[in-house]
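Here is the file data-v6.txt (compact mmCIF, C-alpha atoms and all ligand atoms).
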# COMPACT_ATOMS: atom_id res chain seq x y z
CA MET O 1 -7.03 22.44 -2.61
CA ASN O 2 -7.78 19.19 -4.41
CA TYR O 3 -5.93 16.10 -3.21
CA ASN O 4 -7.62 13.72 -5.61
CA VAL O 5 -6.31 13.04 -9.07
CA ASP O 6 -7.22 15.66 -11.71
CA GLU O 7 -8.54 14.92 -15.23
CA LYS O 8 -5.02 14.78 -16.60
CA GLY O 9 -3.91 12.20 -14.05
CA TYR O 10 -1.97 14.51 -11.73
CA TYR O 11 -1.84 15.31 -8.04
CA GLY O 12 -0.40 18.81 -8.16
CA GLU O 13 2.73 18.33 -10.26
CA PHE O 14 2.99 14.59 -9.51
CA GLY O 15 1.57 11.64 -11.42
CA GLY O 16 0.84 11.39 -15.12
CA ALA O 17 1.74 8.49 -17.40
CA TYR O 18 5.40 8.37 -18.48
CA ILE O 19 5.41 5.15 -20.47
CA PRO O 20 6.97 3.73 -23.60
CA GLU O 21 4.92 4.52 -26.68
CA MET O 22 4.18 0.83 -27.19
CA LEU O 23 2.41 0.64 -23.83
CA TYR O 24 0.07 3.48 -24.62
CA PRO O 25 -2.88 1.40 -25.97
CA ASN O 26 -2.96 -0.82 -22.85
CA VAL O 27 -2.87 2.09 -20.42
CA GLU O 28 -5.32 4.10 -22.47
CA GLU O 29 -7.81 1.22 -22.56
CA LEU O 30 -7.70 1.06 -18.79
CA ARG O 31 -7.85 4.83 -18.34
CA SER O 32 -10.87 5.23 -20.57
CA LYS O 33 -12.85 2.44 -18.88
CA TYR O 34 -11.91 2.04 -15.21
CA LEU O 35 -14.32 4.57 -13.72
CA GLU O 36 -17.24 3.37 -15.79
CA ILE O 37 -16.54 -0.27 -14.83
CA MET O 38 -16.12 0.55 -11.15
CA ASP O 39 -19.41 2.41 -11.22
CA GLU O 40 -21.49 -0.50 -12.59
CA PRO O 41 -23.94 -1.79 -9.96
CA GLU O 42 -23.00 -5.37 -10.83
CA PHE O 43 -19.29 -4.63 -10.37
CA LYS O 44 -19.94 -2.99 -7.02
CA SER O 45 -22.04 -5.85 -5.75
CA GLU O 46 -19.48 -8.49 -6.83
CA PHE O 47 -16.62 -6.48 -5.28
CA ASN O 48 -18.48 -5.95 -2.02
CA GLN O 49 -19.60 -9.57 -1.81
CA LEU O 50 -16.02 -10.81 -2.21
CA LEU O 51 -14.71 -8.30 0.32
CA LYS O 52 -17.28 -9.62 2.77
CA ASP O 53 -17.23 -13.37 2.23
CA TYR O 54 -13.71 -13.95 0.90
CA VAL O 55 -11.59 -11.25 2.54
CA GLY O 56 -13.63 -11.13 5.76
CA ARG O 57 -14.57 -7.44 5.74
CA PRO O 58 -15.43 -5.21 7.40
CA SER O 59 -12.16 -5.42 9.30
CA PRO O 60 -12.67 -4.43 12.96
CA LEU O 61 -11.85 -0.98 14.28
CA TYR O 62 -10.35 -1.97 17.60
CA PHE O 63 -9.96 0.33 20.60
CA ALA O 64 -6.47 -0.43 21.94
CA LYS O 65 -7.06 0.18 25.63
CA ARG O 66 -3.66 -0.57 27.10
CA LEU O 67 -1.78 1.19 24.29
CA SER O 68 -4.07 4.19 24.80
CA GLU O 69 -3.33 4.24 28.54
CA LYS O 70 0.38 4.13 27.89
CA TYR O 71 0.35 7.13 25.53
CA ASN O 72 -2.53 8.96 27.23
CA THR O 73 -4.67 9.35 24.10
CA LYS O 74 -7.45 7.34 22.41
CA ILE O 75 -5.98 4.85 19.95
CA TYR O 76 -7.95 2.76 17.51
CA LEU O 77 -6.38 0.13 15.25
CA LYS O 78 -7.90 -0.58 11.83
CA ARG O 79 -7.35 -4.32 11.64
CA GLU O 80 -6.28 -4.96 8.03
CA ASP O 81 -4.06 -7.68 9.52
CA LEU O 82 -7.17 -9.84 9.91
CA ASN O 83 -7.91 -9.91 6.17
CA HIS O 84 -7.49 -13.12 4.16
CA THR O 85 -3.79 -13.35 3.19
CA GLY O 86 -2.87 -11.17 6.15
CA ALA O 87 -2.81 -7.60 4.87
CA HIS O 88 -4.60 -4.85 2.95
CA LYS O 89 -3.14 -5.84 -0.45
CA ILE O 90 -6.00 -8.21 -1.25
CA ASN O 91 -8.51 -5.29 -1.41
CA ASN O 92 -6.68 -4.01 -4.48
CA THR O 93 -6.03 -7.33 -6.23
CA ILE O 94 -9.71 -8.33 -5.95
CA GLY O 95 -10.74 -5.00 -7.44
CA GLN O 96 -8.25 -5.21 -10.29
CA ILE O 97 -9.04 -8.79 -11.25
CA LEU O 98 -12.71 -7.87 -11.53
CA VAL O 99 -11.74 -4.99 -13.81
CA ALA O 100 -9.52 -7.33 -15.84
CA LYS O 101 -12.40 -9.78 -16.32
CA ARG O 102 -14.68 -7.02 -17.56
CA LEU O 103 -11.99 -5.94 -20.02
CA GLY O 104 -11.98 -9.51 -21.33
CA LYS O 105 -8.43 -10.30 -20.16
CA LYS O 106 -7.37 -13.94 -19.79
CA ARG O 107 -3.89 -13.55 -18.39
CA ILE O 108 -2.59 -11.63 -15.36
CA ILE O 109 0.94 -10.39 -14.76
CA ALA O 110 2.38 -8.72 -11.68
CA GLU O 111 5.69 -7.66 -10.21
CA THR O 112 6.65 -8.31 -6.63
CA GLY O 113 9.52 -7.43 -4.32
CA ALA O 114 9.02 -9.21 -1.02
CA GLY O 115 6.37 -11.42 -2.55
CA GLN O 116 3.36 -10.06 -0.64
CA HIS O 117 1.75 -8.52 -3.71
CA GLY O 118 2.66 -11.63 -5.72
CA VAL O 119 0.80 -13.78 -3.21
CA ALA O 120 -2.24 -11.47 -3.19
CA THR O 121 -2.29 -11.59 -7.00
CA ALA O 122 -1.82 -15.36 -7.22
CA THR O 123 -4.67 -15.72 -4.71
CA VAL O 124 -7.23 -13.81 -6.79
CA CYS O 125 -6.07 -15.53 -10.01
CA ALA O 126 -6.79 -18.90 -8.38
CA LEU O 127 -10.13 -17.53 -7.24
CA MET O 128 -11.06 -16.49 -10.77
CA GLY O 129 -9.29 -19.26 -12.70
CA LEU O 130 -6.98 -16.91 -14.64
CA GLU O 131 -3.39 -17.56 -15.67
CA CYS O 132 -0.92 -15.75 -13.39
CA ILE O 133 2.71 -14.82 -14.03
CA VAL O 134 4.64 -13.02 -11.31
CA TYR O 135 7.97 -11.34 -12.06
CA MET O 136 10.41 -11.27 -9.18
CA GLY O 137 14.08 -10.33 -8.94
CA GLU O 138 16.41 -13.32 -8.66
CA ILE O 139 17.80 -11.97 -5.36
CA ASP O 140 14.30 -11.57 -3.95
CA ILE O 141 13.35 -15.11 -5.02
CA ALA O 142 16.26 -16.40 -2.97
CA ARG O 143 15.48 -14.34 0.15
CA GLN O 144 11.68 -14.70 0.12
CA ALA O 145 11.36 -18.45 -0.32
CA PRO O 146 8.11 -18.91 1.68
CA ASN O 147 6.22 -16.43 -0.52
CA VAL O 148 7.62 -18.04 -3.69
CA ALA O 149 6.28 -21.37 -2.39
CA ARG O 150 2.88 -19.79 -1.64
CA MET O 151 2.62 -18.37 -5.16
CA LYS O 152 3.48 -21.75 -6.68
CA MET O 153 0.92 -23.55 -4.50
CA LEU O 154 -1.67 -21.04 -5.68
CA GLY O 155 -0.90 -21.96 -9.28
CA ALA O 156 1.18 -18.95 -10.33
CA GLU O 157 4.34 -19.09 -12.38
CA VAL O 158 7.19 -17.11 -10.79
CA ARG O 159 9.63 -15.73 -13.39
CA ALA O 160 13.04 -14.50 -12.29
CA ALA O 161 14.26 -11.04 -13.32
CA LEU O 162 17.95 -11.55 -14.02
CA SER O 163 19.08 -8.04 -14.99
CA GLY O 164 20.35 -5.06 -12.97
CA SER O 165 20.27 -5.42 -9.20
CA ARG O 166 17.82 -8.36 -9.63
CA THR O 167 15.29 -6.81 -7.24
CA LEU O 168 11.93 -5.03 -7.47
CA LYS O 169 12.68 -2.43 -10.13
CA ASP O 170 14.08 -5.08 -12.44
CA ALA O 171 10.97 -7.22 -11.89
CA THR O 172 8.89 -4.15 -12.79
CA ASN O 173 10.83 -3.70 -16.03
CA GLU O 174 10.21 -7.34 -16.95
CA ALA O 175 6.49 -7.01 -16.24
CA ILE O 176 6.28 -3.91 -18.44
CA ARG O 177 8.13 -5.73 -21.22
CA ASP O 178 5.68 -8.63 -20.96
CA TRP O 179 2.72 -6.23 -21.15
CA ILE O 180 4.09 -4.58 -24.27
CA ASN O 181 4.41 -8.02 -25.88
CA ASN O 182 0.92 -9.12 -24.82
CA PRO O 183 -1.25 -6.03 -25.22
CA VAL O 184 -4.57 -7.70 -25.97
CA ASP O 185 -5.18 -10.54 -23.52
CA THR O 186 -3.14 -9.42 -20.49
CA HIS O 187 -3.83 -7.16 -17.50
CA TYR O 188 -0.97 -5.90 -15.32
CA ILE O 189 -1.94 -5.75 -11.64
CA ILE O 190 0.20 -3.10 -9.96
CA GLY O 191 0.47 -3.56 -6.21
CA SER O 192 0.57 -0.07 -4.76
CA ALA O 193 -0.70 3.48 -5.35
CA ILE O 194 1.98 3.95 -7.97
CA GLY O 195 2.39 3.45 -11.72
CA PRO O 196 1.09 5.43 -14.70
CA HIS O 197 -2.31 7.10 -14.42
CA PRO O 198 -4.93 5.63 -13.80
CA TYR O 199 -3.23 3.11 -11.49
CA PRO O 200 -2.63 5.35 -8.45
CA ASP O 201 -6.25 6.51 -8.51
CA MET O 202 -7.68 3.06 -9.22
CA VAL O 203 -5.66 1.41 -6.43
CA THR O 204 -6.58 4.25 -4.05
CA ARG O 205 -10.27 3.79 -4.80
CA PHE O 206 -10.10 0.04 -4.14
CA GLN O 207 -8.24 0.62 -0.88
CA SER O 208 -10.58 3.45 0.15
CA ILE O 209 -12.85 0.79 1.66
CA ILE O 210 -10.52 1.21 4.68
CA SER O 211 -11.51 4.82 5.40
CA GLU O 212 -15.11 4.20 4.33
CA GLU O 213 -15.40 1.63 7.10
CA ILE O 214 -13.48 3.76 9.61
CA LYS O 215 -16.12 6.48 9.22
CA TRP O 216 -19.16 4.39 10.16
CA GLN O 217 -17.27 2.33 12.71
CA LEU O 218 -16.10 5.46 14.50
CA LYS O 219 -19.60 6.89 14.33
CA GLU O 220 -20.84 3.78 16.15
CA LYS O 221 -18.13 3.92 18.78
CA GLU O 222 -17.55 7.64 19.31
CA GLY O 223 -20.65 9.28 17.84
CA LYS O 224 -18.66 11.04 15.10
CA GLU O 225 -17.20 10.01 11.77
CA ASN O 226 -13.94 11.91 11.83
CA PRO O 227 -10.96 11.03 14.00
CA ASP O 228 -8.50 13.78 14.98
CA HIS O 229 -5.60 11.92 13.37
CA VAL O 230 -5.21 9.09 10.85
CA VAL O 231 -1.85 7.33 10.68
CA ALA O 232 -0.46 4.86 8.14
CA CYS O 233 2.90 3.57 6.94
CA ILE O 234 4.04 4.25 3.39
CA GLY O 235 5.90 1.99 1.00
CA GLY O 236 4.39 2.85 -2.35
CA GLY O 237 1.43 4.18 -0.41
CA SER O 238 -1.63 1.99 -0.97
CA ASN O 239 -2.70 1.28 2.61
CA ALA O 240 -2.05 4.94 3.44
CA ALA O 241 -4.04 6.15 0.42
CA GLY O 242 -6.96 3.96 1.46
CA THR O 243 -6.78 5.08 5.09
CA PHE O 244 -6.59 8.78 4.17
CA TYR O 245 -8.98 8.85 1.20
CA HIS O 246 -12.26 9.89 2.83
CA PHE O 247 -10.46 12.35 5.12
CA LEU O 248 -8.35 14.18 2.52
CA HIS O 249 -10.80 17.05 2.30
CA GLU O 250 -11.82 17.08 5.96
CA PRO O 251 -9.69 19.90 7.41
CA ASP O 252 -10.33 18.77 11.00
CA VAL O 253 -8.59 15.43 10.32
CA ASN O 254 -4.82 15.52 10.61
CA ILE O 255 -3.04 13.10 8.28
CA ILE O 256 0.17 11.39 9.36
CA ALA O 257 2.33 9.32 7.03
CA VAL O 258 5.20 7.20 8.31
CA GLU O 259 8.03 6.06 6.06
CA ALA O 260 11.10 3.93 6.74
CA ALA O 261 14.36 5.60 7.74
CA GLY O 262 16.18 2.24 7.82
CA LYS O 263 19.48 2.70 9.68
CA GLY O 264 18.95 6.49 9.76
CA ILE O 265 17.79 9.07 7.21
CA HIS O 266 21.33 10.04 6.19
CA SER O 267 22.98 6.66 6.77
CA GLY O 268 22.91 5.67 3.11
CA HIS O 269 20.61 2.80 4.16
CA SER O 270 17.16 4.33 4.12
CA ALA O 271 13.83 4.56 2.31
CA ALA O 272 12.91 8.04 3.61
CA THR O 273 11.65 9.38 0.28
CA SER O 274 9.88 12.47 1.61
CA LYS O 275 13.21 13.65 3.08
CA LEU O 276 15.66 12.40 0.45
CA GLY O 277 13.56 12.23 -2.71
CA LYS O 278 13.71 14.55 -5.70
CA MET O 279 11.31 14.81 -8.60
CA GLY O 280 11.88 11.92 -10.95
CA ILE O 281 10.16 9.20 -12.91
CA ILE O 282 9.66 5.69 -11.58
CA HIS O 283 7.22 2.97 -12.58
CA GLY O 284 5.63 5.26 -15.17
CA CYS O 285 4.82 8.27 -13.00
CA LYS O 286 6.42 11.52 -11.95
CA THR O 287 6.95 11.57 -8.22
CA LEU O 288 9.46 11.96 -5.40
CA LEU O 289 12.24 9.49 -5.90
CA MET O 290 15.53 8.73 -4.18
CA GLN O 291 18.22 9.20 -6.82
CA THR O 292 21.84 10.17 -7.34
CA ALA O 293 22.88 13.57 -8.69
CA ASP O 294 22.85 12.15 -12.22
CA GLY O 295 19.41 10.61 -11.81
CA GLN O 296 20.22 6.95 -11.08
CA ILE O 297 17.68 5.39 -8.73
CA THR O 298 19.23 4.80 -5.30
CA GLU O 299 18.87 1.28 -3.91
CA PRO O 300 16.57 1.73 -0.89
CA TYR O 301 16.87 -0.05 2.43
CA SER O 302 14.48 -0.90 5.24
CA ILE O 303 14.24 -3.87 7.60
CA SER O 304 10.65 -4.17 6.38
CA ALA O 305 10.43 -5.51 2.86
CA GLY O 306 7.17 -3.70 2.10
CA LEU O 307 8.64 -0.24 2.78
CA ASP O 308 11.86 -0.92 0.93
CA TYR O 309 10.95 1.21 -2.10
CA PRO O 310 12.84 4.20 -3.56
CA GLY O 311 9.74 6.30 -4.38
CA VAL O 312 6.28 7.13 -3.06
CA GLY O 313 3.00 7.26 -4.92
CA PRO O 314 2.20 10.63 -6.52
CA MET O 315 -0.65 11.37 -4.12
CA HIS O 316 1.72 11.11 -1.18
CA ALA O 317 4.37 13.20 -2.90
CA TYR O 318 1.73 15.90 -3.15
CA LEU O 319 0.49 15.43 0.43
CA SER O 320 4.10 15.93 1.50
CA THR O 321 5.05 18.98 -0.59
CA SER O 322 1.69 20.69 0.04
CA SER O 323 2.03 19.97 3.78
CA ARG O 324 -1.45 18.40 3.92
CA ALA O 325 0.15 15.46 5.72
CA GLU O 326 2.82 15.26 8.41
CA PHE O 327 5.62 12.86 7.43
CA PHE O 328 7.81 10.96 9.88
CA SER O 329 10.78 8.74 9.07
CA ILE O 330 11.23 5.86 11.48
CA THR O 331 14.37 3.77 11.95
CA ASP O 332 14.46 -0.03 11.98
CA GLU O 333 15.21 0.03 15.70
CA ASP O 334 12.26 2.24 16.65
CA ALA O 335 9.89 0.24 14.46
CA MET O 336 11.01 -3.09 15.90
CA GLN O 337 10.53 -1.80 19.46
CA ALA O 338 7.06 -0.45 18.62
CA GLY O 339 6.14 -3.82 17.11
CA LEU O 340 7.25 -5.64 20.24
CA GLU O 341 5.35 -3.17 22.39
CA LEU O 342 2.09 -3.94 20.54
CA CYS O 343 2.68 -7.65 21.16
CA LYS O 344 3.09 -7.10 24.91
CA LEU O 345 0.33 -4.53 25.39
CA GLU O 346 -2.38 -5.79 23.05
CA GLY O 347 -1.54 -9.39 22.11
CA ILE O 348 -1.19 -8.50 18.44
CA ILE O 349 1.95 -9.31 16.42
CA PRO O 350 2.10 -6.67 13.68
CA ALA O 351 3.82 -6.71 10.29
CA ILE O 352 7.06 -4.72 10.53
CA GLU O 353 5.62 -2.24 8.00
CA SER O 354 2.72 -1.55 10.38
CA SER O 355 5.18 -1.28 13.29
CA HIS O 356 6.56 1.83 11.61
CA ALA O 357 3.13 3.49 11.88
CA LEU O 358 2.96 2.45 15.54
CA SER O 359 6.23 4.31 16.18
CA VAL O 360 4.43 7.62 15.74
CA PHE O 361 4.01 7.84 19.52
CA LYS O 362 7.76 8.17 19.93
CA GLU O 363 7.83 11.09 17.51
CA ARG O 364 4.83 13.13 18.49
CA ARG O 365 2.48 13.84 21.39
CA PHE O 366 -1.30 13.62 21.21
CA LYS O 367 -3.90 15.17 23.52
CA PRO O 368 -5.76 12.91 25.97
CA ASP O 369 -9.06 13.48 24.11
CA ASP O 370 -7.59 12.99 20.63
CA ILE O 371 -8.86 10.06 18.62
CA VAL O 372 -5.97 8.52 16.71
CA VAL O 373 -6.76 5.84 14.12
CA ILE O 374 -3.79 3.76 12.94
CA CYS O 375 -3.93 1.41 10.00
CA LEU O 376 -2.54 -1.93 11.09
CA SER O 377 -1.77 -2.87 7.51
CA GLY O 378 -0.72 -6.48 8.09
CA ARG O 379 0.07 -9.27 10.50
CA GLY O 380 3.54 -10.27 11.61
CA ASP O 381 3.59 -13.98 10.71
CA LYS O 382 5.57 -13.31 7.54
CA ASP O 383 8.15 -11.38 9.62
CA LEU O 384 8.73 -13.96 12.31
CA ASN O 385 12.26 -14.78 11.15
CA THR O 386 13.20 -11.09 11.15
CA TYR O 387 11.80 -10.67 14.67
CA ILE O 388 13.62 -13.84 15.81
CA GLU O 389 16.97 -12.64 14.48
CA TYR O 390 16.54 -9.07 15.67
CA PHE O 391 15.52 -9.86 19.25
CA LYS O 392 17.50 -13.14 19.45
CA LEU O 393 14.31 -14.94 20.45
C1 LIG O 401 3.13 -4.16 1.09
C2 LIG O 401 2.84 -3.74 2.48
C3 LIG O 401 2.93 -2.39 2.89
C4 LIG O 401 3.43 -1.30 1.99
O1 LIG O 401 2.68 -1.10 0.84
P1 LIG O 401 1.77 0.19 0.64
O2 LIG O 401 1.38 0.13 -0.78
O3 LIG O 401 2.59 1.39 0.99
O4 LIG O 401 0.61 0.05 1.56
C5 LIG O 401 2.57 -2.07 4.18
N1 LIG O 401 2.17 -3.01 5.05
C6 LIG O 401 2.09 -4.32 4.72
C7 LIG O 401 1.64 -5.30 5.74
C8 LIG O 401 2.42 -4.73 3.42
O5 LIG O 401 2.34 -6.03 3.10
Whole structure, C-alpha cells version:
Amino acid sequence: MNYNVDEKGYYGEFGGAYIPEMLYPNVEELRSKYLEIMDEPEFKSEFNQLLKDYVGRPSPLYFAKRLSEKYNTKIYLKREDLNHTGAHKINNTIGQILVAKRLGKKRIIAETGAGQHGVATATVCALMGLECIVYMGEIDIARQAPNVARMKMLGAEVRAALSGSRTLKDATNEAIRDWINNPVDTHYIIGSAIGPHPYPDMVTRFQSIISEEIKWQLKEKEGKENPDHVVACIGGGSNAAGTFYHFLHEPDVNIIAVEAAGKGIHSGHSAATSKLGKMGIIHGCKTLLMQTADGQITEPYSISAGLDYPGVGPMHAYLSTSSRAEFFSITDEDAMQAGLELCKLEGIIPAIESSHALSVFKERRFKPDDIVVICLSGRGDKDLNTYIEYFKL
C-alpha cells in the first residue's frame, strides 16, 4: 500500500484538483515546480535555518511522567506548542512563503477561520516584507477579535467575506476568487493538508519536520526510532499529516487520528468527518465531507475552532477508509477534561484542539511498555476565554 500522494495527485480515490478552469494556470505552475524548489540545497538551508532560529526548532519531545503513571504507559508529547506563534502552523507558512518567493510572487493571500492560520501567514509576510491579505468570514471576524488585531499589528489586511454563512468556506471562496483575478503576482497559502493537488502533499512535506524530529529524538531517549503509537488531532489534518508522515509505511507503528465529535457524533453539532462524511468536493479536492443528502456542505461544530471543519484532508480520508489509521471522535466535554488534566498533571495548558488528541486515553488502553507519542499541536493561551467560560474559572 502507498499512503503518499501518487503522480496524479491522489491518495487512493481521494485528492486531485477540482478547480475552476481559470485557476488552472496558477495551480499548474505550483504543481510543476514545488518538488524541484523544495529539493534545492539553498531552499533547504533557508527553510531549516528559519525553523531553527525563528520558530525555535527542534521542538522538544517531552516524556510526560505523571501522565504516563496515570495511564500506565509511556507517553511522550511532541511540543509544537512551544513554536513561535504557539502552534505547528508556522512550519507550513514558512515553507510556502519561501516557495512563493522563488516563484517570484509579490503578494500573499490566505483564508482563515479562527484566525490561527491568518496569524501564521501574516507573521511570515512581515518576516519577508510581502503584502498580505487575509480573507475571513464576517462572523469569524466578530468572534475572533484578538487574532484580527494580531494580523493587523503584523501588517496584514483582513478582508471580510460577506456571503453565505460568513464563515470559513465563504472566506475560502473569496480567496479563490482573488487568486483567479491575480494569477501572476499572487501566491495562495492554504493552511492545512487540504486543497487541490499539490497543496496536501506540499503542506504535509513542510509539516513532516515533526515526525523527522520524533525519530531521532526517540532514538536518543529510547534507543529506537519508532514509537508503538503516534496520535494527533485532525481539523484539516496538517499537524496529523506531519506527525504521521515518516511512520506511514512503518507497519509496527500504529497511527491514531482524533477528530471532534462536538456535542456528540449524531447530535447535529459535530465535526466527526470520518464517521459522518461522504465522498464530496471541498476546497478543490475530492475527500470525505459532511454534507446533506443533496450535497450541501453541513455547517460543522466543535468547541475548538481549529477542528471546526466539515472535511478532512485527502490523505486522512484514505488512512480512514483503508484502515491504516484508527479514528476516534471526541466530544467537547471529554476534550475539555483532558485539557484540564494535562494542566494539573504536567503544568502545560494545551490548545483545545490538542486536548482532543489527549482524550485518546479515555477511548483506548495501551500496554505498560507501549511508547505513545502525541502531537501537542498548540498552546492554550488563545483558548483561555473558552476554558474560563467552560469551567467557570
Ligand atoms: C489549526 C490547528 C489545528 C488543526 O489544524 P490541522 O491542519 O488539522 O493540524 C490543530 N491544533 C492547533 C493548535 C491549531 O491551531
Taking all atoms listed in the file into account, list the residues no farther than 7 Å from ligand LIG 401 (chain O), as a compact mmCIF listing (two decimals) with C-alpha atoms, in the coordinates of the input.
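That gives us pocket38.txt:
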# COMPACT_ATOMS: atom_id res chain seq x y z
CA ALA O 87 -2.81 -7.60 4.87
CA HIS O 88 -4.60 -4.85 2.95
CA LYS O 89 -3.14 -5.84 -0.45
CA GLN O 116 3.36 -10.06 -0.64
CA HIS O 117 1.75 -8.52 -3.71
CA GLY O 191 0.47 -3.56 -6.21
CA SER O 192 0.57 -0.07 -4.76
CA ALA O 193 -0.70 3.48 -5.35
CA CYS O 233 2.90 3.57 6.94
CA ILE O 234 4.04 4.25 3.39
CA GLY O 235 5.90 1.99 1.00
CA GLY O 236 4.39 2.85 -2.35
CA GLY O 237 1.43 4.18 -0.41
CA SER O 238 -1.63 1.99 -0.97
CA ASN O 239 -2.70 1.28 2.61
CA ALA O 240 -2.05 4.94 3.44
CA GLY O 306 7.17 -3.70 2.10
CA LEU O 307 8.64 -0.24 2.78
CA ALA O 351 3.82 -6.71 10.29
CA GLU O 353 5.62 -2.24 8.00
CA SER O 354 2.72 -1.55 10.38
CA SER O 377 -1.77 -2.87 7.51
CA GLY O 378 -0.72 -6.48 8.09
CA ARG O 379 0.07 -9.27 10.50
Checklist entry - Near region 159-175 of chain O, within 8 Å and counting only C-alpha atoms, which residues show up once chain neighbours fewer than 4 positions away are dropped, as a VMD selection string? => result chain O and resid 109 to 113 133 to 141 179 188 283
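Using all atoms listed in the file for every distance, the candidate list O:Ala100, O:Leu384, O:Ala149, O:Ile209 yields O:Ala149 as the residue closest to Gly115 (chain O).
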Checklist entry - Using all atoms listed in the file, which residues sit within 12 Å of Ile281 (chain O) once same-chain residues fewer than 5 positions away are excluded, as a list in words? => result Phe14, Gly15, Gly16, Ala17, Tyr18, Ile19, Ile194, Gly195, Pro196, Lys286, Thr287, Leu288, Leu289, Met290, Gln291, Gly295, Gln296, Ile297, Pro310, Gly311, Val312, Gly313 and Pro314 of chain O
Checklist entry - Hey, what's within 9 Å of Arg205 (chain O) if we count only C-alpha atoms and toss same-chain stuff fewer than 3 positions away? As a list in words, please? => result Asn92, Pro200, Asp201, Met202, Ser208, Ile209, Ala241, Gly242 and Tyr245 of chain O
